[in-house]
Amino acid sequence: MTTETTTPLVTDAEIEAGRQAWLLDRAHVFHSWSAQDQIKPMTVLRAEGSHIWDGEGNRLLDFSSQLVNTNIGHQHPKVVAAIQEQAAKLCTIAPQHVNDARSEAARLIAGITPGDLNHVFFTNGGADAVEHAIRMARLHTGRQKVLSAYRSYHGGTQLAVNVTGDPRRFPNDYSSEGVVHFMPAYPYRSYFGSTTEAEETERALRHLEDMIVLEGPQNIAALILETVPGTAGIYVPPAGYLQGVRELTRKYGIVYIADEVMAGFGRTGRWFAVEHWDVVPDLLTFAKGVNSGYVPLGGVAVSEAIFDTFRERVYPGGLTYSGHPLACAAAVATINAMRDDKMVENAARLGEEVIGPRLREIAARHPSVGEVRGLGCFWSVELVKDRATREPLAAYGGSSPAMNELVAELKAGGLMPFANFNRIHVVPPLNTSDADVLHGLEILDAALDAADRHTN
């Protein structure tokens, strides 16, 4: 399995066109999550496989999968062809009508989701998938409150950003949304003084049940949890934690929503991360990897019990582009390509045999590495000033000169990183070749010397 590129060198004409695009961008484009005058966005001229070409024609190994969504890499020929064929046949149609691309995408998704999640409500992305999953839960239960973990991310729309448990919520935080946050199980930075994973599981679950009781279980519609939190740190839940969460939601009649927007579709070495712990949620949100972001698509996989609520009762929600034919055709081609090329199995192998072992070797050499953790092609390198105190290399919610220096070193070495706060995430496409993964980790290894200079 390989993602070796065959694209020729970028031409001078392409570079000049990229410069003109950059000028137009700065004149007219309003960028997300940014102070507009403080950013210098990178131009991308091309992308193929596991590589992108920047505005100056430099080739970079994409260790970010962009926003951890290009799970099958860039410009996969089978998916590009499927989009072209669908465009020639039926570009768009209103969601009240049947179209074969949506029907087949729903069948394929239902075939790989766990348990009885056999019905699919399509959205345009992960945030609106979260919004609709919570709406379904509230209507199903007749309750209002939603429990969500700190150190989480669930989207940028109004309810989704309030459900989010990271600093991006702060400017948009409204108590009227009915969201209550709880402390997650996070062994490396335990909020419960735990010294073992077993302690962390027991104490985190006790805390969660206390929260449920104190908030009034009769008022709580849903608990939403990223199976393996993504942007918040790729901290893998300790043994028994997710099973315990599921037991608590059953005990108190709370709808359990598994947010698999980032962790799903093979990223952790299983189709969905919940499979690692044999947990079946009531609702499962997805997006990103469902078609590698080639055309915007997300959705909610719905259990039979919640589907039954809306058999004779109108579900008050929908989107103009729900189940868009181009997006669904891309999803069908993506899922089939992942199966044909055994990308999920390859992600598991890369994590177990290449990424994990190599990151642990790197960690042993660099005092700036506090911990490495992950599954499949979903890993985090947590950077610290001091291993003993675990003081982060950048404050929660911000960056630092040390992190900026490290990111610059990575890019100079030919790597496109995913950086957040004090972490570098190792999240390449699932079909990246072993040679490319090892090369990327060599770049990371060398660049970490810059971080080491900032340790105590």
# chains A, B, ... in the order shown; residues from 1 in each chain; ligands from 1
$ residues_around --residues "stretch 181-197 of chain A" --least-positions-apart "4" --cutoff "7 Å" --atoms "only C-alpha atoms" --output "list in words"
Leu147, Ser148, Ala149, Tyr150, Thr201, Arg203, Ala204, Leu208, Tyr235, Pro237 and Pro238 of chain A
$ write_last_selection --atoms "N, CA and C atoms" --output "PDB file, in the first residue's frame"
ATOM      1  N   LEU A 147     -25.028  16.625  28.803  1.00  0.00           N
ATOM      2  CA  LEU A 147     -23.737  16.493  29.474  1.00  0.00           C
ATOM      3  C   LEU A 147     -22.646  16.326  28.437  1.00  0.00           C
ATOM      4  N   SER A 148     -21.547  17.038  28.625  1.00  0.00           N
ATOM      5  CA  SER A 148     -20.410  16.954  27.717  1.00  0.00           C
ATOM      6  C   SER A 148     -19.128  17.131  28.514  1.00  0.00           C
ATOM      7  N   ALA A 149     -18.058  16.535  28.036  1.00  0.00           N
ATOM      8  CA  ALA A 149     -16.782  16.590  28.754  1.00  0.00           C
ATOM      9  C   ALA A 149     -16.032  17.885  28.447  1.00  0.00           C
ATOM     10  N   TYR A 150     -15.284  18.368  29.450  1.00  0.00           N
ATOM     11  CA  TYR A 150     -14.247  19.351  29.171  1.00  0.00           C
ATOM     12  C   TYR A 150     -13.178  18.682  28.302  1.00  0.00           C
ATOM     13  N   THR A 201     -10.260   5.417  35.914  1.00  0.00           N
ATOM     14  CA  THR A 201     -11.572   4.945  35.473  1.00  0.00           C
ATOM     15  C   THR A 201     -12.577   5.013  36.611  1.00  0.00           C
ATOM     16  N   ARG A 203     -12.536   6.721  39.470  1.00  0.00           N
ATOM     17  CA  ARG A 203     -12.804   8.067  39.986  1.00  0.00           C
ATOM     18  C   ARG A 203     -13.552   8.925  38.970  1.00  0.00           C
ATOM     19  N   ALA A 204     -13.206   8.786  37.687  1.00  0.00           N
ATOM     20  CA  ALA A 204     -13.905   9.569  36.661  1.00  0.00           C
ATOM     21  C   ALA A 204     -15.363   9.151  36.550  1.00  0.00           C
ATOM     22  N   LEU A 208     -18.689  11.366  37.274  1.00  0.00           N
ATOM     23  CA  LEU A 208     -19.756  11.513  36.294  1.00  0.00           C
ATOM     24  C   LEU A 208     -21.112  11.167  36.906  1.00  0.00           C
ATOM     25  N   TYR A 235      -6.448  11.729  23.716  1.00  0.00           N
ATOM     26  CA  TYR A 235      -6.204  10.964  24.936  1.00  0.00           C
ATOM     27  C   TYR A 235      -7.160   9.764  24.947  1.00  0.00           C
ATOM     28  N   PRO A 237      -9.278   6.714  26.123  1.00  0.00           N
ATOM     29  CA  PRO A 237      -9.911   6.431  27.414  1.00  0.00           C
ATOM     30  C   PRO A 237      -9.316   5.192  28.072  1.00  0.00           C
ATOM     31  N   PRO A 238      -9.143   5.218  29.385  1.00  0.00           N
ATOM     32  CA  PRO A 238      -8.591   4.051  30.079  1.00  0.00           C
ATOM     33  C   PRO A 238      -9.578   2.886  30.056  1.00  0.00           C
TER      34      PRO A 238
END
$ residues_around --residues "A:Arg423" --least-positions-apart "5" --cutoff "7 Å" --atoms "only C-alpha atoms" --output "JSON, numbers by chain"
{"A": [380, 381, 382, 383]}
$ write_last_selection --atoms "C-alpha atoms" --output "CSV table (one decimal), in the first residue's frame"
chain,number,residue,atom,x,y,z
A,380,SER,CA,-0.5,12.8,20.0
A,381,VAL,CA,2.9,14.0,21.2
A,382,GLU,CA,2.4,16.0,24.4
A,383,LEU,CA,5.2,18.5,24.9
$ residues_around --residues "A:Thr11" --least-positions-apart "3" --cutoff "12 Å" --atoms "only C-alpha atoms" --output "PDB file with N, CA and C atoms, in the first residue's frame"
ATOM      1  N   THR A   7       3.121  13.296  -9.595  1.00  0.00           N
ATOM      2  CA  THR A   7       2.895  14.632 -10.128  1.00  0.00           C
ATOM      3  C   THR A   7       4.214  15.308 -10.470  1.00  0.00           C
ATOM      4  N   PRO A   8       4.323  15.934 -11.656  1.00  0.00           N
ATOM      5  CA  PRO A   8       5.564  16.643 -12.005  1.00  0.00           C
ATOM      6  C   PRO A   8       5.738  17.895 -11.160  1.00  0.00           C
ATOM      7  N   GLU A  14       1.883  28.131 -12.383  1.00  0.00           N
ATOM      8  CA  GLU A  14       1.076  27.741 -11.228  1.00  0.00           C
ATOM      9  C   GLU A  14       1.444  28.577 -10.002  1.00  0.00           C
ATOM     10  N   ILE A  15       2.740  28.810  -9.828  1.00  0.00           N
ATOM     11  CA  ILE A  15       3.182  29.607  -8.688  1.00  0.00           C
ATOM     12  C   ILE A  15       2.650  31.030  -8.791  1.00  0.00           C
ATOM     13  N   GLU A  16       2.701  31.604  -9.977  1.00  0.00           N
ATOM     14  CA  GLU A  16       2.185  32.954 -10.171  1.00  0.00           C
ATOM     15  C   GLU A  16       0.677  33.001  -9.938  1.00  0.00           C
ATOM     16  N   ALA A  17      -0.045  31.987 -10.416  1.00  0.00           N
ATOM     17  CA  ALA A  17      -1.494  31.931 -10.178  1.00  0.00           C
ATOM     18  C   ALA A  17      -1.775  31.816  -8.678  1.00  0.00           C
ATOM     19  N   GLY A  18      -0.925  31.077  -7.974  1.00  0.00           N
ATOM     20  CA  GLY A  18      -1.084  30.959  -6.530  1.00  0.00           C
ATOM     21  C   GLY A  18      -0.872  32.280  -5.829  1.00  0.00           C
ATOM     22  N   LEU A  45      -1.106  24.700  -3.920  1.00  0.00           N
ATOM     23  CA  LEU A  45      -1.248  24.647  -5.373  1.00  0.00           C
ATOM     24  C   LEU A  45      -1.727  23.289  -5.852  1.00  0.00           C
ATOM     25  N   ARG A  46      -1.298  22.246  -5.175  1.00  0.00           N
ATOM     26  CA  ARG A  46      -1.659  20.889  -5.589  1.00  0.00           C
ATOM     27  C   ARG A  46      -1.704  19.989  -4.364  1.00  0.00           C
ATOM     28  N   TRP A  53       1.536  20.672  -2.187  1.00  0.00           N
ATOM     29  CA  TRP A  53       2.544  21.597  -2.702  1.00  0.00           C
ATOM     30  C   TRP A  53       2.134  23.009  -2.315  1.00  0.00           C
ATOM     31  N   GLY A  55       2.585  27.365  -1.945  1.00  0.00           N
ATOM     32  CA  GLY A  55       2.561  28.421  -2.946  1.00  0.00           C
ATOM     33  C   GLY A  55       3.862  28.684  -3.631  1.00  0.00           C
ATOM     34  N   GLU A  56       4.965  28.201  -3.063  1.00  0.00           N
ATOM     35  CA  GLU A  56       6.274  28.357  -3.697  1.00  0.00           C
ATOM     36  C   GLU A  56       6.714  27.080  -4.416  1.00  0.00           C
ATOM     37  N   GLY A  57       5.827  26.095  -4.446  1.00  0.00           N
ATOM     38  CA  GLY A  57       6.139  24.852  -5.146  1.00  0.00           C
ATOM     39  C   GLY A  57       6.841  23.820  -4.298  1.00  0.00           C
ATOM     40  N   ASN A  58       6.958  24.058  -2.987  1.00  0.00           N
ATOM     41  CA  ASN A  58       7.600  23.082  -2.099  1.00  0.00           C
ATOM     42  C   ASN A  58       6.644  21.938  -1.787  1.00  0.00           C
TER      43      ASN A  58
END
$ closest_atom_pairs --of "stretch 323-367 of chain A" --to "stretch 79-95 of chain A" --cutoff "10 Å" --atoms "only C-alpha atoms" --output "CSV"
residue,atom,partner,partner_atom,distance
A:Gly323,CA,A:Pro95,CA,6.5
A:His324,CA,A:Thr92,CA,6.3
A:Pro325,CA,A:Thr92,CA,5.8
A:Leu326,CA,A:Ile83,CA,5.7
A:Ala327,CA,A:Ile83,CA,7.8
A:Cys328,CA,A:Ile83,CA,9.0
A:Ala329,CA,A:Ala82,CA,6.1
A:Ala330,CA,A:Val79,CA,5.5
A:Ala331,CA,A:Val79,CA,8.1
A:Val332,CA,A:Val79,CA,8.4
A:Ala333,CA,A:Val79,CA,5.2
A:Thr334,CA,A:Val79,CA,6.0
A:Ile335,CA,A:Val79,CA,9.6
A:Asn336,CA,A:Val79,CA,9.4
A:Ala337,CA,A:Val79,CA,8.0
$ write_last_selection --atoms "N, CA and C atoms" --output "PDB file, in the first residue's frame"
ATOM      1  N   GLY A 323     -27.833  14.620   2.332  1.00  0.00           N
ATOM      2  CA  GLY A 323     -27.646  13.501   1.412  1.00  0.00           C
ATOM      3  C   GLY A 323     -27.368  13.944  -0.010  1.00  0.00           C
ATOM      4  N   HIS A 324     -26.604  15.021  -0.162  1.00  0.00           N
ATOM      5  CA  HIS A 324     -26.295  15.563  -1.491  1.00  0.00           C
ATOM      6  C   HIS A 324     -25.678  14.484  -2.377  1.00  0.00           C
ATOM      7  N   PRO A 325     -26.162  14.331  -3.614  1.00  0.00           N
ATOM      8  CA  PRO A 325     -25.683  13.237  -4.470  1.00  0.00           C
ATOM      9  C   PRO A 325     -24.170  13.219  -4.678  1.00  0.00           C
ATOM     10  N   LEU A 326     -23.556  14.374  -4.875  1.00  0.00           N
ATOM     11  CA  LEU A 326     -22.108  14.388  -5.094  1.00  0.00           C
ATOM     12  C   LEU A 326     -21.369  13.925  -3.842  1.00  0.00           C
ATOM     13  N   ALA A 327     -21.833  14.385  -2.676  1.00  0.00           N
ATOM     14  CA  ALA A 327     -21.187  13.990  -1.423  1.00  0.00           C
ATOM     15  C   ALA A 327     -21.383  12.503  -1.156  1.00  0.00           C
ATOM     16  N   CYS A 328     -22.587  12.009  -1.410  1.00  0.00           N
ATOM     17  CA  CYS A 328     -22.862  10.594  -1.143  1.00  0.00           C
ATOM     18  C   CYS A 328     -22.146   9.686  -2.131  1.00  0.00           C
ATOM     19  N   ALA A 329     -22.035  10.107  -3.385  1.00  0.00           N
ATOM     20  CA  ALA A 329     -21.258   9.322  -4.355  1.00  0.00           C
ATOM     21  C   ALA A 329     -19.802   9.239  -3.913  1.00  0.00           C
ATOM     22  N   ALA A 330     -19.284  10.342  -3.370  1.00  0.00           N
ATOM     23  CA  ALA A 330     -17.916  10.326  -2.850  1.00  0.00           C
ATOM     24  C   ALA A 330     -17.804   9.394  -1.659  1.00  0.00           C
ATOM     25  N   ALA A 331     -18.831   9.348  -0.814  1.00  0.00           N
ATOM     26  CA  ALA A 331     -18.809   8.455   0.346  1.00  0.00           C
ATOM     27  C   ALA A 331     -18.816   6.997  -0.087  1.00  0.00           C
ATOM     28  N   VAL A 332     -19.652   6.675  -1.051  1.00  0.00           N
ATOM     29  CA  VAL A 332     -19.701   5.292  -1.555  1.00  0.00           C
ATOM     30  C   VAL A 332     -18.335   4.885  -2.089  1.00  0.00           C
ATOM     31  N   ALA A 333     -17.734   5.738  -2.904  1.00  0.00           N
ATOM     32  CA  ALA A 333     -16.424   5.414  -3.475  1.00  0.00           C
ATOM     33  C   ALA A 333     -15.350   5.333  -2.398  1.00  0.00           C
ATOM     34  N   THR A 334     -15.430   6.201  -1.392  1.00  0.00           N
ATOM     35  CA  THR A 334     -14.448   6.194  -0.313  1.00  0.00           C
ATOM     36  C   THR A 334     -14.521   4.905   0.492  1.00  0.00           C
ATOM     37  N   ILE A 335     -15.720   4.533   0.914  1.00  0.00           N
ATOM     38  CA  ILE A 335     -15.875   3.316   1.719  1.00  0.00           C
ATOM     39  C   ILE A 335     -15.424   2.094   0.930  1.00  0.00           C
ATOM     40  N   ASN A 336     -15.784   2.045  -0.340  1.00  0.00           N
ATOM     41  CA  ASN A 336     -15.371   0.899  -1.160  1.00  0.00           C
ATOM     42  C   ASN A 336     -13.859   0.873  -1.363  1.00  0.00           C
ATOM     43  N   ALA A 337     -13.260   2.036  -1.572  1.00  0.00           N
ATOM     44  CA  ALA A 337     -11.805   2.091  -1.734  1.00  0.00           C
ATOM     45  C   ALA A 337     -11.103   1.673  -0.441  1.00  0.00           C
TER      46      ALA A 337
END
$ atom_distance --atom1 "atom CA of A:Ile112" --atom2 "atom CA of A:Arg270"
9.9 Å
$ residues_around --residues "A:Arg143" --least-positions-apart "5" --cutoff "7 Å" --atoms "only C-alpha atoms" --output "PyMOL selection string"
chain A and resi 138+219-221
$ write_last_selection --atoms "N, CA and C atoms" --output "compact mmCIF listing (two decimals), in the first residue's frame"
# COMPACT_ATOMS: atom_id res chain seq x y z
N ARG A 138 -33.33 15.07 22.66
CA ARG A 138 -34.26 15.88 23.44
C ARG A 138 -35.71 15.53 23.12
N ASN A 219 -33.77 15.42 34.14
CA ASN A 219 -33.63 16.60 33.29
C ASN A 219 -32.63 16.42 32.15
N ILE A 220 -31.90 15.30 32.14
CA ILE A 220 -30.78 15.13 31.20
C ILE A 220 -31.20 14.30 30.00
N ALA A 221 -31.17 14.91 28.83
CA ALA A 221 -31.54 14.22 27.60
C ALA A 221 -30.42 13.35 27.07
$ residues_around --residues "A:Leu448" --least-positions-apart "2" --cutoff "9 Å" --atoms "only C-alpha atoms" --output "PyMOL selection string"
chain A and resi 362+366+368-369+406+409-410+443-446+450-453
$ closest_residue --among "A:Lys411, A:Glu215, A:Gly370, A:Phe63" --to "A:Ile355" --atoms "only C-alpha atoms"
A:Phe63
$ residues_around --residues "A:Arg168" --least-positions-apart "2" --cutoff "9 Å" --atoms "only C-alpha atoms" --output "list in words"
Trp33, Tyr153, Gly156, Val161, Thr164, Gly165, Asp166, Phe170, Pro171, Asn172 and Gly397 of chain A
$ select_by_dssp --residues "stretch 78-265 of chain A" --states "strand (DSSP E or B)" --output "VMD selection string"
chain A and resid 119 to 123 145 to 149 179 to 182 220 to 226 255 to 259
$ closest_residue --among "A:His154, A:His28, A:Arg390, A:Arg107" --to "A:Val130" --atoms "only C-alpha atoms"
A:His154
$ residues_around --residues "stretch 242-245 of chain A" --least-positions-apart "6" --cutoff "10 Å" --atoms "only C-alpha atoms" --output "PyMOL selection string"
chain A and resi 185+201-202+204-206+208-209+223+225+227+251+256+274+276-280
$ write_last_selection --atoms "C-alpha atoms" --output "PDB file, in the first residue's frame"
ATOM      1  CA  ALA A 185     -10.934  10.530  32.156  1.00  0.00           C
ATOM      2  CA  THR A 201     -11.572   4.945  35.473  1.00  0.00           C
ATOM      3  CA  GLU A 202     -13.146   4.425  38.901  1.00  0.00           C
ATOM      4  CA  ALA A 204     -13.905   9.569  36.661  1.00  0.00           C
ATOM      5  CA  LEU A 205     -17.015   7.383  36.590  1.00  0.00           C
ATOM      6  CA  ARG A 206     -17.827   8.260  40.197  1.00  0.00           C
ATOM      7  CA  LEU A 208     -19.756  11.513  36.294  1.00  0.00           C
ATOM      8  CA  GLU A 209     -22.457   9.746  38.297  1.00  0.00           C
ATOM      9  CA  LEU A 223     -24.496  12.639  27.167  1.00  0.00           C
ATOM     10  CA  LEU A 225     -18.587  12.104  24.261  1.00  0.00           C
ATOM     11  CA  THR A 227     -14.827   8.268  21.800  1.00  0.00           C
ATOM     12  CA  LYS A 251     -29.137   3.348  34.334  1.00  0.00           C
ATOM     13  CA  TYR A 256     -25.562   8.256  24.711  1.00  0.00           C
ATOM     14  CA  VAL A 274     -16.225   2.541  19.900  1.00  0.00           C
ATOM     15  CA  HIS A 276     -12.229  -1.009  20.512  1.00  0.00           C
ATOM     16  CA  TRP A 277     -14.348  -1.157  23.678  1.00  0.00           C
ATOM     17  CA  ASP A 278     -17.396  -3.091  22.356  1.00  0.00           C
ATOM     18  CA  VAL A 279     -19.680  -0.164  23.121  1.00  0.00           C
ATOM     19  CA  VAL A 280     -22.838   0.611  21.123  1.00  0.00           C
TER      20      VAL A 280
END
$ atom_distance --atom1 "atom CA of A:Val255" --atom2 "atom CA of A:Leu319"
23.1 Å
$ atom_distance --atom1 "atom CA of A:Arg102" --atom2 "atom CA of A:Leu284"
18.0 Å
$ select_by_dssp --residues "stretch 203-390 of chain A" --states "helix (DSSP H, G or I)" --output "VMD selection string"
chain A and resid 203 to 215 217 to 219 241 to 251 273 to 277 288 to 290 304 to 309 325 to 340 343 to 365
$ closest_residue --among "A:Thr123, A:Ser152, A:Ala347, A:Asp128" --to "A:Val295" --atoms "only C-alpha atoms"
A:Thr123
$ decode --residues "stretch 332-360 of chain A" --atoms "N, CA and C atoms" --output "PDB file, in the first residue's frame"
ATOM      1  N   VAL A 332     -19.652   6.675  -1.051  1.00  0.00           N
ATOM      2  CA  VAL A 332     -19.701   5.292  -1.555  1.00  0.00           C
ATOM      3  C   VAL A 332     -18.335   4.885  -2.089  1.00  0.00           C
ATOM      4  N   ALA A 333     -17.734   5.738  -2.904  1.00  0.00           N
ATOM      5  CA  ALA A 333     -16.424   5.414  -3.475  1.00  0.00           C
ATOM      6  C   ALA A 333     -15.350   5.333  -2.398  1.00  0.00           C
ATOM      7  N   THR A 334     -15.430   6.201  -1.392  1.00  0.00           N
ATOM      8  CA  THR A 334     -14.448   6.194  -0.313  1.00  0.00           C
ATOM      9  C   THR A 334     -14.521   4.905   0.492  1.00  0.00           C
ATOM     10  N   ILE A 335     -15.720   4.533   0.914  1.00  0.00           N
ATOM     11  CA  ILE A 335     -15.875   3.316   1.719  1.00  0.00           C
ATOM     12  C   ILE A 335     -15.424   2.094   0.930  1.00  0.00           C
ATOM     13  N   ASN A 336     -15.784   2.045  -0.340  1.00  0.00           N
ATOM     14  CA  ASN A 336     -15.371   0.899  -1.160  1.00  0.00           C
ATOM     15  C   ASN A 336     -13.859   0.873  -1.363  1.00  0.00           C
ATOM     16  N   ALA A 337     -13.260   2.036  -1.572  1.00  0.00           N
ATOM     17  CA  ALA A 337     -11.805   2.091  -1.734  1.00  0.00           C
ATOM     18  C   ALA A 337     -11.103   1.673  -0.441  1.00  0.00           C
ATOM     19  N   MET A 338     -11.638   2.100   0.692  1.00  0.00           N
ATOM     20  CA  MET A 338     -11.046   1.710   1.978  1.00  0.00           C
ATOM     21  C   MET A 338     -11.121   0.201   2.175  1.00  0.00           C
ATOM     22  N   ARG A 339     -12.230  -0.388   1.761  1.00  0.00           N
ATOM     23  CA  ARG A 339     -12.359  -1.841   1.864  1.00  0.00           C
ATOM     24  C   ARG A 339     -11.421  -2.549   0.887  1.00  0.00           C
ATOM     25  N   ASP A 340     -11.438  -2.099  -0.356  1.00  0.00           N
ATOM     26  CA  ASP A 340     -10.624  -2.766  -1.389  1.00  0.00           C
ATOM     27  C   ASP A 340      -9.145  -2.731  -1.033  1.00  0.00           C
ATOM     28  N   ASP A 341      -8.691  -1.600  -0.510  1.00  0.00           N
ATOM     29  CA  ASP A 341      -7.269  -1.426  -0.203  1.00  0.00           C
ATOM     30  C   ASP A 341      -6.928  -1.744   1.253  1.00  0.00           C
ATOM     31  N   LYS A 342      -7.915  -2.217   2.016  1.00  0.00           N
ATOM     32  CA  LYS A 342      -7.718  -2.599   3.426  1.00  0.00           C
ATOM     33  C   LYS A 342      -7.072  -1.466   4.230  1.00  0.00           C
ATOM     34  N   MET A 343      -7.610  -0.269   4.046  1.00  0.00           N
ATOM     35  CA  MET A 343      -7.018   0.893   4.715  1.00  0.00           C
ATOM     36  C   MET A 343      -7.227   0.878   6.221  1.00  0.00           C
ATOM     37  N   VAL A 344      -8.360   0.363   6.682  1.00  0.00           N
ATOM     38  CA  VAL A 344      -8.600   0.314   8.123  1.00  0.00           C
ATOM     39  C   VAL A 344      -7.589  -0.625   8.779  1.00  0.00           C
ATOM     40  N   GLU A 345      -7.393  -1.773   8.153  1.00  0.00           N
ATOM     41  CA  GLU A 345      -6.402  -2.718   8.662  1.00  0.00           C
ATOM     42  C   GLU A 345      -5.001  -2.122   8.599  1.00  0.00           C
ATOM     43  N   ASN A 346      -4.738  -1.360   7.549  1.00  0.00           N
ATOM     44  CA  ASN A 346      -3.418  -0.741   7.432  1.00  0.00           C
ATOM     45  C   ASN A 346      -3.200   0.315   8.507  1.00  0.00           C
ATOM     46  N   ALA A 347      -4.248   1.052   8.833  1.00  0.00           N
ATOM     47  CA  ALA A 347      -4.131   2.047   9.906  1.00  0.00           C
ATOM     48  C   ALA A 347      -3.787   1.375  11.223  1.00  0.00           C
ATOM     49  N   ALA A 348      -4.457   0.244  11.500  1.00  0.00           N
ATOM     50  CA  ALA A 348      -4.159  -0.493  12.733  1.00  0.00           C
ATOM     51  C   ALA A 348      -2.711  -0.960  12.745  1.00  0.00           C
ATOM     52  N   ARG A 349      -2.248  -1.484  11.613  1.00  0.00           N
ATOM     53  CA  ARG A 349      -0.869  -1.979  11.519  1.00  0.00           C
ATOM     54  C   ARG A 349       0.134  -0.843  11.671  1.00  0.00           C
ATOM     55  N   LEU A 350      -0.136   0.285  11.007  1.00  0.00           N
ATOM     56  CA  LEU A 350       0.783   1.421  11.131  1.00  0.00           C
ATOM     57  C   LEU A 350       0.909   1.871  12.583  1.00  0.00           C
ATOM     58  N   GLY A 351      -0.214   1.916  13.289  1.00  0.00           N
ATOM     59  CA  GLY A 351      -0.164   2.330  14.684  1.00  0.00           C
ATOM     60  C   GLY A 351       0.614   1.373  15.553  1.00  0.00           C
ATOM     61  N   GLU A 352       0.385   0.068  15.344  1.00  0.00           N
ATOM     62  CA  GLU A 352       1.003  -0.941  16.201  1.00  0.00           C
ATOM     63  C   GLU A 352       2.468  -1.184  15.861  1.00  0.00           C
ATOM     64  N   GLU A 353       2.806  -1.144  14.561  1.00  0.00           N
ATOM     65  CA  GLU A 353       4.134  -1.584  14.139  1.00  0.00           C
ATOM     66  C   GLU A 353       5.070  -0.445  13.754  1.00  0.00           C
ATOM     67  N   VAL A 354       4.541   0.706  13.420  1.00  0.00           N
ATOM     68  CA  VAL A 354       5.391   1.785  12.912  1.00  0.00           C
ATOM     69  C   VAL A 354       5.293   3.028  13.802  1.00  0.00           C
ATOM     70  N   ILE A 355       4.116   3.647  13.858  1.00  0.00           N
ATOM     71  CA  ILE A 355       3.994   4.934  14.546  1.00  0.00           C
ATOM     72  C   ILE A 355       4.237   4.799  16.041  1.00  0.00           C
ATOM     73  N   GLY A 356       3.528   3.877  16.689  1.00  0.00           N
ATOM     74  CA  GLY A 356       3.669   3.728  18.136  1.00  0.00           C
ATOM     75  C   GLY A 356       5.088   3.424  18.572  1.00  0.00           C
ATOM     76  N   PRO A 357       5.702   2.358  18.030  1.00  0.00           N
ATOM     77  CA  PRO A 357       7.075   2.043  18.437  1.00  0.00           C
ATOM     78  C   PRO A 357       8.060   3.179  18.164  1.00  0.00           C
ATOM     79  N   ARG A 358       7.925   3.813  16.994  1.00  0.00           N
ATOM     80  CA  ARG A 358       8.870   4.879  16.650  1.00  0.00           C
ATOM     81  C   ARG A 358       8.678   6.096  17.561  1.00  0.00           C
ATOM     82  N   LEU A 359       7.423   6.451  17.861  1.00  0.00           N
ATOM     83  CA  LEU A 359       7.184   7.588  18.752  1.00  0.00           C
ATOM     84  C   LEU A 359       7.725   7.322  20.152  1.00  0.00           C
ATOM     85  N   ARG A 360       7.625   6.084  20.603  1.00  0.00           N
ATOM     86  CA  ARG A 360       8.158   5.769  21.933  1.00  0.00           C
ATOM     87  C   ARG A 360       9.682   5.879  21.948  1.00  0.00           C
TER      88      ARG A 360
END
